[in-house]
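Below: data-v1.pdb (PDB, C-alpha atoms)
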```
ATOM      1  CA  MET A 136       0.000   0.000   0.000  1.00  0.00           C
ATOM      2  CA  ALA A 137       2.815   2.420   0.811  1.00  0.00           C
ATOM      3  CA  ARG A 138       4.237   1.912  -2.649  1.00  0.00           C
ATOM      4  CA  ASP A 139       0.864   2.839  -4.210  1.00  0.00           C
ATOM      5  CA  ARG A 140       0.636   6.023  -2.143  1.00  0.00           C
ATOM      6  CA  ASN A 141       4.040   7.058  -3.439  1.00  0.00           C
ATOM      7  CA  LYS A 142       2.916   6.723  -7.046  1.00  0.00           C
ATOM      8  CA  LYS A 143       2.207   9.814  -9.111  1.00  0.00           C
ATOM      9  CA  ALA A 144      -1.313  10.843 -10.040  1.00  0.00           C
ATOM     10  CA  ALA A 145      -2.687  12.262 -13.290  1.00  0.00           C
ATOM     11  CA  ALA A 146      -5.573  14.199 -14.738  1.00  0.00           C
ATOM     12  CA  PHE A 147      -7.036  12.520 -17.837  1.00  0.00           C
ATOM     13  CA  TYR A 148      -9.128  14.681 -20.161  1.00  0.00           C
ATOM     14  CA  ASP A 149     -11.400  14.049 -23.076  1.00  0.00           C
ATOM     15  CA  LEU A 150     -10.948  16.917 -25.564  1.00  0.00           C
ATOM     16  CA  GLU A 151     -13.947  17.709 -27.799  1.00  0.00           C
ATOM     17  CA  GLY A 152     -16.848  19.072 -25.757  1.00  0.00           C
ATOM     18  CA  THR A 153     -14.767  18.926 -22.585  1.00  0.00           C
ATOM     19  CA  LEU A 154     -11.900  21.386 -23.129  1.00  0.00           C
ATOM     20  CA  ILE A 155     -12.952  22.798 -26.512  1.00  0.00           C
ATOM     21  CA  ARG A 156     -16.345  23.381 -28.138  1.00  0.00           C
ATOM     22  CA  THR A 157     -15.407  22.062 -31.594  1.00  0.00           C
ATOM     23  CA  ASN A 158     -15.562  18.424 -32.695  1.00  0.00           C
ATOM     24  CA  LEU A 159     -14.125  16.176 -35.395  1.00  0.00           C
ATOM     25  CA  VAL A 160     -16.554  17.456 -38.024  1.00  0.00           C
ATOM     26  CA  HIS A 161     -15.239  21.036 -37.673  1.00  0.00           C
ATOM     27  CA  THR A 162     -11.732  19.820 -38.455  1.00  0.00           C
ATOM     28  CA  LEU A 163     -12.903  17.797 -41.457  1.00  0.00           C
ATOM     29  CA  ALA A 164     -14.844  20.815 -42.747  1.00  0.00           C
ATOM     30  CA  PHE A 165     -11.733  22.983 -42.386  1.00  0.00           C
ATOM     31  CA  TYR A 166      -9.678  20.606 -44.524  1.00  0.00           C
ATOM     32  CA  SER A 167     -12.497  20.061 -47.018  1.00  0.00           C
ATOM     33  CA  LEU A 168     -12.564  23.799 -47.726  1.00  0.00           C
ATOM     34  CA  ARG A 169      -8.831  23.796 -48.431  1.00  0.00           C
ATOM     35  CA  GLN A 170      -8.703  21.191 -51.151  1.00  0.00           C
ATOM     36  CA  GLN A 171      -6.418  21.997 -54.058  1.00  0.00           C
ATOM     37  CA  GLY A 172      -8.427  23.645 -56.797  1.00  0.00           C
ATOM     38  CA  LEU A 173     -11.870  25.244 -56.769  1.00  0.00           C
ATOM     39  CA  TRP A 174     -13.678  22.150 -58.070  1.00  0.00           C
ATOM     40  CA  GLN A 175     -12.107  19.893 -55.466  1.00  0.00           C
ATOM     41  CA  THR A 176     -12.983  22.399 -52.719  1.00  0.00           C
ATOM     42  CA  LEU A 177     -16.635  22.576 -53.809  1.00  0.00           C
ATOM     43  CA  LYS A 178     -16.870  18.812 -54.307  1.00  0.00           C
ATOM     44  CA  LYS A 179     -15.333  17.909 -50.937  1.00  0.00           C
ATOM     45  CA  GLY A 180     -17.250  20.593 -49.059  1.00  0.00           C
ATOM     46  CA  THR A 181     -20.560  19.416 -50.539  1.00  0.00           C
ATOM     47  CA  GLU A 182     -19.756  15.777 -49.733  1.00  0.00           C
ATOM     48  CA  THR A 183     -19.030  16.721 -46.109  1.00  0.00           C
ATOM     49  CA  LEU A 184     -22.336  18.593 -45.742  1.00  0.00           C
ATOM     50  CA  ILE A 185     -24.259  15.644 -47.180  1.00  0.00           C
ATOM     51  CA  LYS A 186     -22.615  13.253 -44.733  1.00  0.00           C
ATOM     52  CA  LEU A 187     -23.337  15.288 -41.571  1.00  0.00           C
ATOM     53  CA  PRO A 188     -26.693  13.603 -40.731  1.00  0.00           C
ATOM     54  CA  ALA A 189     -25.125  10.172 -41.276  1.00  0.00           C
ATOM     55  CA  PHE A 190     -22.221  11.034 -38.959  1.00  0.00           C
ATOM     56  CA  GLY A 191     -24.704  11.959 -36.240  1.00  0.00           C
ATOM     57  CA  LEU A 192     -26.704   8.737 -36.562  1.00  0.00           C
ATOM     58  CA  VAL A 193     -23.612   6.526 -36.538  1.00  0.00           C
ATOM     59  CA  ASP A 194     -22.228   8.359 -33.499  1.00  0.00           C
ATOM     60  CA  LEU A 195     -25.465   7.624 -31.606  1.00  0.00           C
ATOM     61  CA  TYR A 196     -25.128   3.952 -32.509  1.00  0.00           C
ATOM     62  CA  SER A 197     -21.428   3.460 -31.659  1.00  0.00           C
ATOM     63  CA  ARG A 198     -18.509   5.816 -31.122  1.00  0.00           C
ATOM     64  CA  ASN A 199     -16.054   3.209 -32.424  1.00  0.00           C
ATOM     65  CA  VAL A 200     -18.075   2.655 -35.604  1.00  0.00           C
ATOM     66  CA  PHE A 201     -18.415   6.437 -35.991  1.00  0.00           C
ATOM     67  CA  ASN A 202     -14.644   6.900 -35.911  1.00  0.00           C
ATOM     68  CA  GLU A 203     -14.018   4.266 -38.576  1.00  0.00           C
ATOM     69  CA  PHE A 204     -16.839   5.586 -40.783  1.00  0.00           C
ATOM     70  CA  PHE A 205     -15.902   9.236 -40.289  1.00  0.00           C
ATOM     71  CA  PHE A 206     -12.199   9.010 -41.127  1.00  0.00           C
ATOM     72  CA  ARG A 207     -12.896   7.479 -44.533  1.00  0.00           C
ATOM     73  CA  SER A 208     -13.615  11.075 -45.566  1.00  0.00           C
ATOM     74  CA  TYR A 209      -9.859  11.740 -45.436  1.00  0.00           C
ATOM     75  CA  LYS A 210      -9.092   9.069 -48.032  1.00  0.00           C
ATOM     76  CA  GLY A 211      -6.808  10.385 -50.774  1.00  0.00           C
ATOM     77  CA  GLN A 212      -5.610  13.481 -48.915  1.00  0.00           C
ATOM     78  CA  SER A 213      -1.847  13.920 -48.825  1.00  0.00           C
ATOM     79  CA  TYR A 214       0.093  13.840 -45.580  1.00  0.00           C
ATOM     80  CA  ASP A 215       2.101  16.933 -46.543  1.00  0.00           C
ATOM     81  CA  ARG A 216      -1.036  18.959 -47.270  1.00  0.00           C
ATOM     82  CA  LEU A 217      -2.737  17.927 -44.028  1.00  0.00           C
ATOM     83  CA  ARG A 218       0.373  18.870 -42.055  1.00  0.00           C
ATOM     84  CA  TYR A 219       0.749  22.130 -43.954  1.00  0.00           C
ATOM     85  CA  PHE A 220      -2.641  23.425 -42.808  1.00  0.00           C
ATOM     86  CA  ALA A 221      -2.363  22.176 -39.204  1.00  0.00           C
ATOM     87  CA  ASP A 222      -1.048  25.503 -37.862  1.00  0.00           C
ATOM     88  CA  GLU A 223      -3.865  27.420 -39.548  1.00  0.00           C
ATOM     89  CA  LEU A 224      -6.362  24.917 -38.138  1.00  0.00           C
ATOM     90  CA  PHE A 225      -5.066  25.665 -34.644  1.00  0.00           C
ATOM     91  CA  GLU A 226      -5.129  29.446 -35.034  1.00  0.00           C
ATOM     92  CA  LYS A 227      -8.499  29.766 -36.798  1.00  0.00           C
ATOM     93  CA  VAL A 228     -10.528  26.853 -35.440  1.00  0.00           C
ATOM     94  CA  LEU A 229      -9.123  25.195 -32.327  1.00  0.00           C
ATOM     95  CA  LYS A 230      -7.568  28.003 -30.298  1.00  0.00           C
ATOM     96  CA  PRO A 231     -10.704  30.211 -30.436  1.00  0.00           C
ATOM     97  CA  ALA A 232     -12.762  27.164 -29.417  1.00  0.00           C
ATOM     98  CA  VAL A 233     -10.986  26.536 -26.086  1.00  0.00           C
ATOM     99  CA  TYR A 234     -13.532  26.914 -23.303  1.00  0.00           C
ATOM    100  CA  PRO A 235     -12.892  29.911 -20.998  1.00  0.00           C
ATOM    101  CA  GLY A 236     -12.417  27.696 -17.943  1.00  0.00           C
ATOM    102  CA  ALA A 237     -10.265  25.026 -19.584  1.00  0.00           C
ATOM    103  CA  ARG A 238      -6.814  26.554 -19.140  1.00  0.00           C
ATOM    104  CA  ASP A 239      -7.608  27.566 -15.562  1.00  0.00           C
ATOM    105  CA  LEU A 240      -8.660  24.000 -14.736  1.00  0.00           C
ATOM    106  CA  ILE A 241      -5.453  22.622 -16.239  1.00  0.00           C
ATOM    107  CA  GLN A 242      -3.260  25.135 -14.408  1.00  0.00           C
ATOM    108  CA  LYS A 243      -4.905  24.369 -11.059  1.00  0.00           C
ATOM    109  CA  SER A 244      -4.442  20.669 -11.739  1.00  0.00           C
ATOM    110  CA  LYS A 245      -0.764  21.173 -12.556  1.00  0.00           C
ATOM    111  CA  LYS A 246      -0.250  23.116  -9.326  1.00  0.00           C
ATOM    112  CA  ILE A 247      -1.255  20.127  -7.232  1.00  0.00           C
ATOM    113  CA  GLY A 248       1.258  17.966  -9.094  1.00  0.00           C
ATOM    114  CA  LEU A 249      -0.987  16.035 -11.474  1.00  0.00           C
ATOM    115  CA  ARG A 250       0.356  14.945 -14.834  1.00  0.00           C
ATOM    116  CA  GLN A 251      -1.842  16.335 -17.624  1.00  0.00           C
ATOM    117  CA  VAL A 252      -2.990  13.755 -20.180  1.00  0.00           C
ATOM    118  CA  VAL A 253      -5.483  14.142 -23.046  1.00  0.00           C
ATOM    119  CA  LEU A 254      -7.233  11.249 -24.801  1.00  0.00           C
ATOM    120  CA  THR A 255      -9.052  12.166 -27.978  1.00  0.00           C
ATOM    121  CA  GLY A 256     -10.572  10.764 -31.127  1.00  0.00           C
ATOM    122  CA  ALA A 257      -9.020  13.662 -33.063  1.00  0.00           C
ATOM    123  CA  LEU A 258      -6.125  13.046 -35.439  1.00  0.00           C
ATOM    124  CA  ASP A 259      -2.687  13.422 -33.887  1.00  0.00           C
ATOM    125  CA  PHE A 260      -1.278  16.004 -36.316  1.00  0.00           C
ATOM    126  CA  THR A 261      -4.341  18.262 -35.924  1.00  0.00           C
ATOM    127  CA  ILE A 262      -3.879  18.849 -32.196  1.00  0.00           C
ATOM    128  CA  GLU A 263      -0.123  19.113 -31.660  1.00  0.00           C
ATOM    129  CA  LYS A 264      -0.202  22.926 -31.412  1.00  0.00           C
ATOM    130  CA  LEU A 265      -3.261  22.804 -29.169  1.00  0.00           C
ATOM    131  CA  MET A 266      -1.528  20.424 -26.765  1.00  0.00           C
ATOM    132  CA  GLU A 267       1.422  22.814 -26.529  1.00  0.00           C
ATOM    133  CA  TYR A 268      -0.923  25.760 -25.966  1.00  0.00           C
ATOM    134  CA  LEU A 269      -2.776  23.968 -23.164  1.00  0.00           C
ATOM    135  CA  GLU A 270       0.529  22.752 -21.648  1.00  0.00           C
ATOM    136  CA  ILE A 271      -0.480  19.104 -21.787  1.00  0.00           C
ATOM    137  CA  ASP A 272       2.218  16.626 -20.734  1.00  0.00           C
ATOM    138  CA  ASP A 273       1.075  13.596 -22.740  1.00  0.00           C
ATOM    139  CA  TYR A 274      -1.701  12.850 -25.185  1.00  0.00           C
ATOM    140  CA  LYS A 275      -3.079   9.952 -27.177  1.00  0.00           C
ATOM    141  CA  ALA A 276      -4.956  10.646 -30.408  1.00  0.00           C
ATOM    142  CA  ASN A 277      -6.071   8.722 -33.468  1.00  0.00           C
ATOM    143  CA  ARG A 278      -3.652   8.141 -36.326  1.00  0.00           C
ATOM    144  CA  LEU A 279      -4.488   7.905 -40.007  1.00  0.00           C
ATOM    145  CA  GLU A 280      -2.837   5.259 -42.137  1.00  0.00           C
ATOM    146  CA  PHE A 281      -0.812   6.724 -45.022  1.00  0.00           C
ATOM    147  CA  VAL A 282       0.495   4.775 -48.030  1.00  0.00           C
ATOM    148  CA  ASN A 283       2.957   6.521 -50.351  1.00  0.00           C
ATOM    149  CA  GLY A 284       2.098   9.812 -48.649  1.00  0.00           C
ATOM    150  CA  TYR A 285      -1.695   9.593 -49.058  1.00  0.00           C
ATOM    151  CA  ALA A 286      -4.381   8.726 -46.520  1.00  0.00           C
ATOM    152  CA  THR A 287      -6.125   5.403 -47.005  1.00  0.00           C
ATOM    153  CA  GLY A 288      -9.085   6.494 -44.876  1.00  0.00           C
ATOM    154  CA  ARG A 289      -8.230   3.857 -42.291  1.00  0.00           C
ATOM    155  CA  VAL A 290      -7.464   4.617 -38.641  1.00  0.00           C
ATOM    156  CA  LEU A 291      -4.533   2.732 -37.154  1.00  0.00           C
ATOM    157  CA  PRO A 292      -5.433   0.793 -34.010  1.00  0.00           C
ATOM    158  CA  PRO A 293      -6.162   1.396 -31.251  1.00  0.00           C
ATOM    159  CA  VAL A 294      -9.123   3.615 -32.160  1.00  0.00           C
ATOM    160  CA  MET A 295      -9.465   6.054 -29.268  1.00  0.00           C
ATOM    161  CA  ALA A 296     -13.070   5.850 -28.084  1.00  0.00           C
ATOM    162  CA  SER A 297     -15.169   4.533 -25.203  1.00  0.00           C
ATOM    163  CA  ALA A 298     -13.656   1.451 -23.535  1.00  0.00           C
ATOM    164  CA  THR A 299     -10.452   1.787 -25.547  1.00  0.00           C
ATOM    165  CA  LYS A 300      -9.646   4.971 -23.638  1.00  0.00           C
ATOM    166  CA  ALA A 301     -10.033   3.155 -20.319  1.00  0.00           C
ATOM    167  CA  LYS A 302      -7.776   0.325 -21.497  1.00  0.00           C
ATOM    168  CA  TRP A 303      -5.149   2.815 -22.661  1.00  0.00           C
ATOM    169  CA  ILE A 304      -5.288   4.637 -19.301  1.00  0.00           C
ATOM    170  CA  ARG A 305      -4.744   1.394 -17.395  1.00  0.00           C
ATOM    171  CA  GLU A 306      -1.720   0.540 -19.533  1.00  0.00           C
ATOM    172  CA  TYR A 307      -0.372   4.080 -19.264  1.00  0.00           C
ATOM    173  CA  ALA A 308      -0.772   4.062 -15.475  1.00  0.00           C
ATOM    174  CA  GLU A 309       1.056   0.755 -15.193  1.00  0.00           C
ATOM    175  CA  ARG A 310       3.879   1.945 -17.428  1.00  0.00           C
ATOM    176  CA  GLU A 311       4.274   5.400 -15.850  1.00  0.00           C
ATOM    177  CA  GLY A 312       3.640   4.474 -12.223  1.00  0.00           C
ATOM    178  CA  ILE A 313       0.358   6.402 -11.975  1.00  0.00           C
ATOM    179  CA  ASN A 314      -1.991   5.787  -9.042  1.00  0.00           C
ATOM    180  CA  LEU A 315      -5.452   5.709 -10.601  1.00  0.00           C
ATOM    181  CA  SER A 316      -7.180   5.920  -7.217  1.00  0.00           C
ATOM    182  CA  GLU A 317      -5.636   9.364  -6.756  1.00  0.00           C
ATOM    183  CA  SER A 318      -6.170  10.430 -10.366  1.00  0.00           C
ATOM    184  CA  TYR A 319      -8.899  12.499 -12.036  1.00  0.00           C
ATOM    185  CA  ALA A 320     -10.793  12.065 -15.300  1.00  0.00           C
ATOM    186  CA  TYR A 321     -12.862  14.698 -17.109  1.00  0.00           C
ATOM    187  CA  SER A 322     -15.406  14.216 -19.883  1.00  0.00           C
ATOM    188  CA  ASP A 323     -18.636  15.624 -21.304  1.00  0.00           C
ATOM    189  CA  SER A 324     -20.043  12.384 -22.729  1.00  0.00           C
ATOM    190  CA  ILE A 325     -21.620   9.213 -21.394  1.00  0.00           C
ATOM    191  CA  SER A 326     -19.537   7.365 -23.993  1.00  0.00           C
ATOM    192  CA  ASP A 327     -16.529   8.039 -21.738  1.00  0.00           C
ATOM    193  CA  LEU A 328     -18.111   6.331 -18.721  1.00  0.00           C
ATOM    194  CA  PRO A 329     -15.465   3.533 -18.779  1.00  0.00           C
ATOM    195  CA  MET A 330     -12.697   6.156 -18.575  1.00  0.00           C
ATOM    196  CA  LEU A 331     -14.435   8.043 -15.761  1.00  0.00           C
ATOM    197  CA  SER A 332     -15.110   4.886 -13.793  1.00  0.00           C
ATOM    198  CA  ILE A 333     -11.510   3.697 -13.444  1.00  0.00           C
ATOM    199  CA  VAL A 334     -10.182   6.741 -11.556  1.00  0.00           C
ATOM    200  CA  GLY A 335     -10.771   7.808  -7.988  1.00  0.00           C
ATOM    201  CA  HIS A 336     -12.015  11.270  -8.980  1.00  0.00           C
ATOM    202  CA  PRO A 337     -14.344  11.301 -12.016  1.00  0.00           C
ATOM    203  CA  VAL A 338     -15.689  14.720 -13.079  1.00  0.00           C
ATOM    204  CA  ALA A 339     -18.482  15.490 -15.531  1.00  0.00           C
ATOM    205  CA  VAL A 340     -17.641  18.570 -17.606  1.00  0.00           C
ATOM    206  CA  ASN A 341     -20.325  20.321 -19.688  1.00  0.00           C
ATOM    207  CA  PRO A 342     -22.104  16.943 -19.499  1.00  0.00           C
ATOM    208  CA  ASP A 343     -24.699  15.552 -21.872  1.00  0.00           C
ATOM    209  CA  PHE A 344     -28.023  14.551 -20.306  1.00  0.00           C
ATOM    210  CA  ARG A 345     -27.115  10.926 -19.568  1.00  0.00           C
ATOM    211  CA  LEU A 346     -23.736  11.782 -18.081  1.00  0.00           C
ATOM    212  CA  ARG A 347     -25.302  14.505 -15.925  1.00  0.00           C
ATOM    213  CA  GLN A 348     -27.822  12.002 -14.562  1.00  0.00           C
ATOM    214  CA  THR A 349     -25.052   9.484 -13.883  1.00  0.00           C
ATOM    215  CA  ALA A 350     -22.935  12.123 -12.138  1.00  0.00           C
ATOM    216  CA  LEU A 351     -25.863  13.145  -9.933  1.00  0.00           C
ATOM    217  CA  GLN A 352     -26.585   9.518  -9.027  1.00  0.00           C
ATOM    218  CA  HIS A 353     -22.959   8.903  -8.029  1.00  0.00           C
ATOM    219  CA  ASP A 354     -22.377  12.330  -6.475  1.00  0.00           C
ATOM    220  CA  TRP A 355     -19.613  13.180  -8.952  1.00  0.00           C
ATOM    221  CA  PRO A 356     -18.606  16.836  -9.362  1.00  0.00           C
ATOM    222  CA  ILE A 357     -20.124  18.634 -12.363  1.00  0.00           C
ATOM    223  CA  LEU A 358     -18.201  21.480 -13.984  1.00  0.00           C
ATOM    224  CA  ASP A 359     -19.198  23.986 -16.647  1.00  0.00           C
ATOM    225  CA  LEU A 360     -16.139  25.421 -18.424  1.00  0.00           C
ATOM    226  CA  ARG A 361     -18.133  27.305 -21.074  1.00  0.00           C
TER     227      ARG A 361
END
```

What does the file become when written as structure tokens?
Amino acid sequence: MARDRNKKAAAFYDLEGTLIRTNLVHTLAFYSLRQQGLWQTLKKGTETLIKLPAFGLVDLYSRNVFNEFFFRSYKGQSYDRLRYFADELFEKVLKPAVYPGARDLIQKSKKIGLRQVVLTGALDFTIEKLMEYLEIDDYKANRLEFVNGYATGRVLPPVMASATKAKWIREYAEREGINLSESYAYSDSISDLPMLSIVGHPVAVNPDFRLRQTALQHDWPILDLR
């Protein structure tokens, strides 16, 4: 027991809806509007708009299925072009979308010695600047598969969603010597219930209806960072 008490603790955050108000569709729309050539821009932008209702329905059914379905929209896009626009994505879309209370929450958490860790379904290259801006210590994001410099539309495993986040946290804690009983987890969605349930201090942030009800039933703190 003494060894466990001497372990470090961490704060694990979901990203979209928890720390920022944007979601994966905003990022896809940003890239769709920056396709090379006017026709490609119009074509990709129109395709994205048409798919929005389908994205919503699939997300309600399964977050894991949503991720695999959603990222097919990146098929054929070049790695260099996606990386090229990542800084603009941060400045124009992600940075303005950070909730007013997010940085304050992170700074307070850092002051009590917690390691700051983000788990997100976003693509890794799209959030690098944001992680630096928020002063996050570690993060785990989804990764697109690229062949000969072009996206196949496939996400490399593990797909970061639902129970996969909880599994990753357990492995991370074991590897890094993190005491989960002393750690915190923050999310806005009931889909992250597995992640919230494995730490000693789960917190509902800007919660959806089902997560709010669960938090009230279990007497978990509820935060509004908006």

With only C-alpha atoms as the counted atoms, please give the residues lying no more than 9 Å from A:Leu328, apart from itself and same-chain residues fewer than 6 positions off, as a PyMOL selection string. chain A and resi 297-298+301+322+346

Residues near A:Glu226, cut-off 12 Å, all atoms listed in the file, skip fewer than 3 positions along chain, as an mmCIF file with C-alpha atoms, in the frame of the given file:
```cif
data_model
loop_
_atom_site.group_PDB
_atom_site.id
_atom_site.type_symbol
_atom_site.label_atom_id
_atom_site.label_comp_id
_atom_site.auth_asym_id
_atom_site.auth_seq_id
_atom_site.Cartn_x
_atom_site.Cartn_y
_atom_site.Cartn_z
ATOM 1 C CA PHE A 165 -11.733 22.983 -42.386
ATOM 2 C CA PHE A 220 -2.641 23.425 -42.808
ATOM 3 C CA ALA A 221 -2.363 22.176 -39.204
ATOM 4 C CA ASP A 222 -1.048 25.503 -37.862
ATOM 5 C CA GLU A 223 -3.865 27.420 -39.548
ATOM 6 C CA LEU A 229 -9.123 25.195 -32.327
ATOM 7 C CA LYS A 230 -7.568 28.003 -30.298
ATOM 8 C CA PRO A 231 -10.704 30.211 -30.436
ATOM 9 C CA ALA A 232 -12.762 27.164 -29.417
ATOM 10 C CA VAL A 233 -10.986 26.536 -26.086
ATOM 11 C CA THR A 261 -4.341 18.262 -35.924
ATOM 12 C CA ILE A 262 -3.879 18.849 -32.196
ATOM 13 C CA GLU A 263 -0.123 19.113 -31.660
ATOM 14 C CA LYS A 264 -0.202 22.926 -31.412
ATOM 15 C CA LEU A 265 -3.261 22.804 -29.169
ATOM 16 C CA TYR A 268 -0.923 25.760 -25.966
#
```

Just checking: using all atoms listed in the file, which residue out of A:Gln352, A:Thr162, A:Asn314, A:Ser208 ends up closest to A:Lys143? A:Asn314

Enumerate, as a JSON list (two decimals) with C-alpha atoms, in the frame of the given file, the residues matched when the PyMOL selection byres ((chain A and resi 214) around 8) is run on the file above.
```
[["chain", "number", "residue", "atom", "x", "y", "z"],
["A", 212, "GLN", "CA", -5.61, 13.48, -48.92],
["A", 213, "SER", "CA", -1.85, 13.92, -48.82],
["A", 215, "ASP", "CA", 2.10, 16.93, -46.54],
["A", 216, "ARG", "CA", -1.04, 18.96, -47.27],
["A", 217, "LEU", "CA", -2.74, 17.93, -44.03],
["A", 218, "ARG", "CA", 0.37, 18.87, -42.06],
["A", 281, "PHE", "CA", -0.81, 6.72, -45.02],
["A", 284, "GLY", "CA", 2.10, 9.81, -48.65],
["A", 285, "TYR", "CA", -1.70, 9.59, -49.06],
["A", 286, "ALA", "CA", -4.38, 8.73, -46.52]]
```

Please enumerate the residues selected by the PyMOL selection byres ((chain A and resi 237) around 9) when evaluated against the supplied file, formatted as a ChimeraX atom specification. /A:153-155,233-236,238-242,269,360-361

Apply the PyMOL selection byres ((chain A and resi 315) around 9) to the displayed file and report the matching residues as number ranges by chain. A: 143-145, 304-305, 308, 313-314, 316-319, 333-336

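Distances here use all atoms listed in the file; by that measure, the residue among A:Arg289, A:Lys300, A:Arg345, A:Arg169 closest to A:Phe205 is A:Arg289.
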
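Nearest residue to A:Arg278 among A:Leu150, A:Met266, A:Lys227, A:Phe206 is A:Phe206, counting only C-alpha atoms.
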
For each of A:Glu151, A:Thr287, A:Asp273, A:Ala146, take the minimum atom-to-atom distance to A:Ser244, counting all atoms listed in the file, then give the residue where this is smallest. A:Ala146

Distance of atom CA of A:Val253 from atom CA of A:Val282, expressed in Å to one decimal place: 27.3 Å

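Proximity of A:Ala320, A:Leu254, A:Leu249, A:Ile271 to A:Thr299, computed with all atoms listed in the file, is greatest for A:Leu254.
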
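Distances from A:Val228, A:Ile357, A:Asp272, A:Leu163 to A:Val252 were compared using all atoms listed in the file, and the smallest one belongs to A:Asp272.
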